[in-house]
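Q: Could you have a look at this structure, given as structure tokens, before my questions?
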Amino acid sequence: MTLRYFNLKAFYLRSYIAGLMGVYGAIQISGHSLSGFIFPLLYIYSILLFALSKNKRVKDYLLKLSFLLLTGLLISSLFSYNPVKSTFYVILLFVNFLFSFALYQFYDEEYILKQIFYVLKLLFCISLLLFFIYPSIIIYNDPMDRANLLGLPNYKGLFPHKIHAGFYNVIGVLLAQHYYKKERNKQNLLWMFIFSLSVLLTGSSLGLVSLLVVFIIMQGISFIKRNYGYTGIILSILIFLLITGFVLKYNLQNYLFTMVGRDESLTGRTTIWEYGIDYILKHPILGGGFETFFDEDKQAPAQGLWKKMIYYKAPSFHNGYIEILAEGGILGGLGFIYLLLKMLFKMLKRNSFLYTSIILLCLVCNLGAAVFVKVNTFFLVFLLYLILLTKFPKNDIETQETVSLDEMAFPNNHVH
């Protein structure tokens, strides 16, 4: 009788996904996060897989895309206050690009989605267990003592922050809906409810608004596209922009902020955004250096911002678009924003409700949190995977690997 060997294929995928969602950064051991122990192993394995792969066509394309995206960011990093550290982070970002290649090359599309869903369900189940054993681990200690809409302490689960818990649980809702439509399984309907409730329990206004906006906009897009085509979508976007401009001009957004328990500054966010926009205008080409803007060093650009903060010491701009342009300038940031918008329209053309919703979620969440262009972030890696998937359809024989991931790791794939 044979026993199947350790499933490295699933373990690697699940471990990397959990890491990109910030789980390892939230777990501290003797003052050090698990990220410093686990990610180096994942990086090394990704490099190994890329080096051993014989798919020259896709590898060359990824290298060219990486060159286009990262050269500007690398140049801007060389002029930051700490060029060594900033350059190092750009290199790590490239290594994460290699994980996108591994996703494309060694996994089926459906398998990836199921593993993402599996990780989210597993994280919830572990959080539920910890609630009865050590509840303080999964509770977010709000610096302003705010509760969620149910009047309960904010839930963050195993994520580093309630904001992360909010938008990753929205992904859980989208995946549960995807599989319920596909399988008509009541279990997936239950998970839709669980993840929706989790979004509410996080107390994250961004997560709750994102959940509502994504579903409302996606239903609207589906209706407009079905009845009026892409012309209708473009006109709807223009009307939306005009309405948004009207709302901002007369400060009507303040009524919405009051409804969700926020002050007019969005807990200091507007102060941060104003500083970020001012910094971008002063340093439009190069920015202040990738992933070093908010360093504690006295020479770091964020020192000027922290002097203006009222509520807390901001660790980011709480806006991904402002952050990448402030860190990388036009040279390092515009390419990423362009790709995000381009893939949104590509997924619309593919009629993919799930992928369009995830990209739209990234667009919305990026307005209130920096979730896109970071060293270890799920959204960017997943976007690059979608780019490879649309550029090189898996039914194209020229893009297929002749050696599987498991065969690379274990030439003899059974032990007795």
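The chains in the structure tokens are called A, B, ... from first to last as shown; in each chain the residues are counted from 1, and the ligands are counted from 1 in the order shown.
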Wanna dump the segment 313-398 of chain A-segment 104-122 of chain A contacts at 9 Å for me, each residue with its shortest atom pair and the distance in Å to one decimal, counting only C-alpha atoms, ordered by chain and number, as JSON lines?
A:
{"residue": "A:Tyr385", "atom": "CA", "partner": "A:Tyr104", "partner_atom": "CA", "distance": 6.1}
{"residue": "A:Leu386", "atom": "CA", "partner": "A:Tyr104", "partner_atom": "CA", "distance": 8.4}
{"residue": "A:Leu388", "atom": "CA", "partner": "A:Tyr104", "partner_atom": "CA", "distance": 6.8}
{"residue": "A:Leu389", "atom": "CA", "partner": "A:Tyr104", "partner_atom": "CA", "distance": 6.6}
{"residue": "A:Lys394", "atom": "CA", "partner": "A:Tyr104", "partner_atom": "CA", "distance": 8.5}
Q: Got a sec: who's within 8 Å of segment 20-25 of chain A, counting only C-alpha atoms, leaving out chain neighbours fewer than 6 positions off, as a PyMOL selection string?
A: chain A and resi 33-35+38+158-160+164+168+376-378
Q: Excluding Ile163 of chain A and its own-chain neighbours fewer than 2 positions away, which residues fall within 12 Å of it when counting only C-alpha atoms? Please give them as number ranges by chain.
A: A: 21-22, 140, 142, 154-161, 165-170, 198-210, 318, 365-366, 368-371
Q: Go through segment 335-367 of chain A and collect every residue that DSSP, computed from the backbone, puts in helix (DSSP H, G or I); the answer should be as a ChimeraX atom specification.
A: /A:335-349,353-365
Q: For Ile75 of chain A, which of A:Phe131, A:Phe294, A:Thr87, A:Leu93 is the closest residue, counting only C-alpha atoms?
A: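 Closest to Ile75 of chain A, using only C-alpha atoms: A:Thr87.
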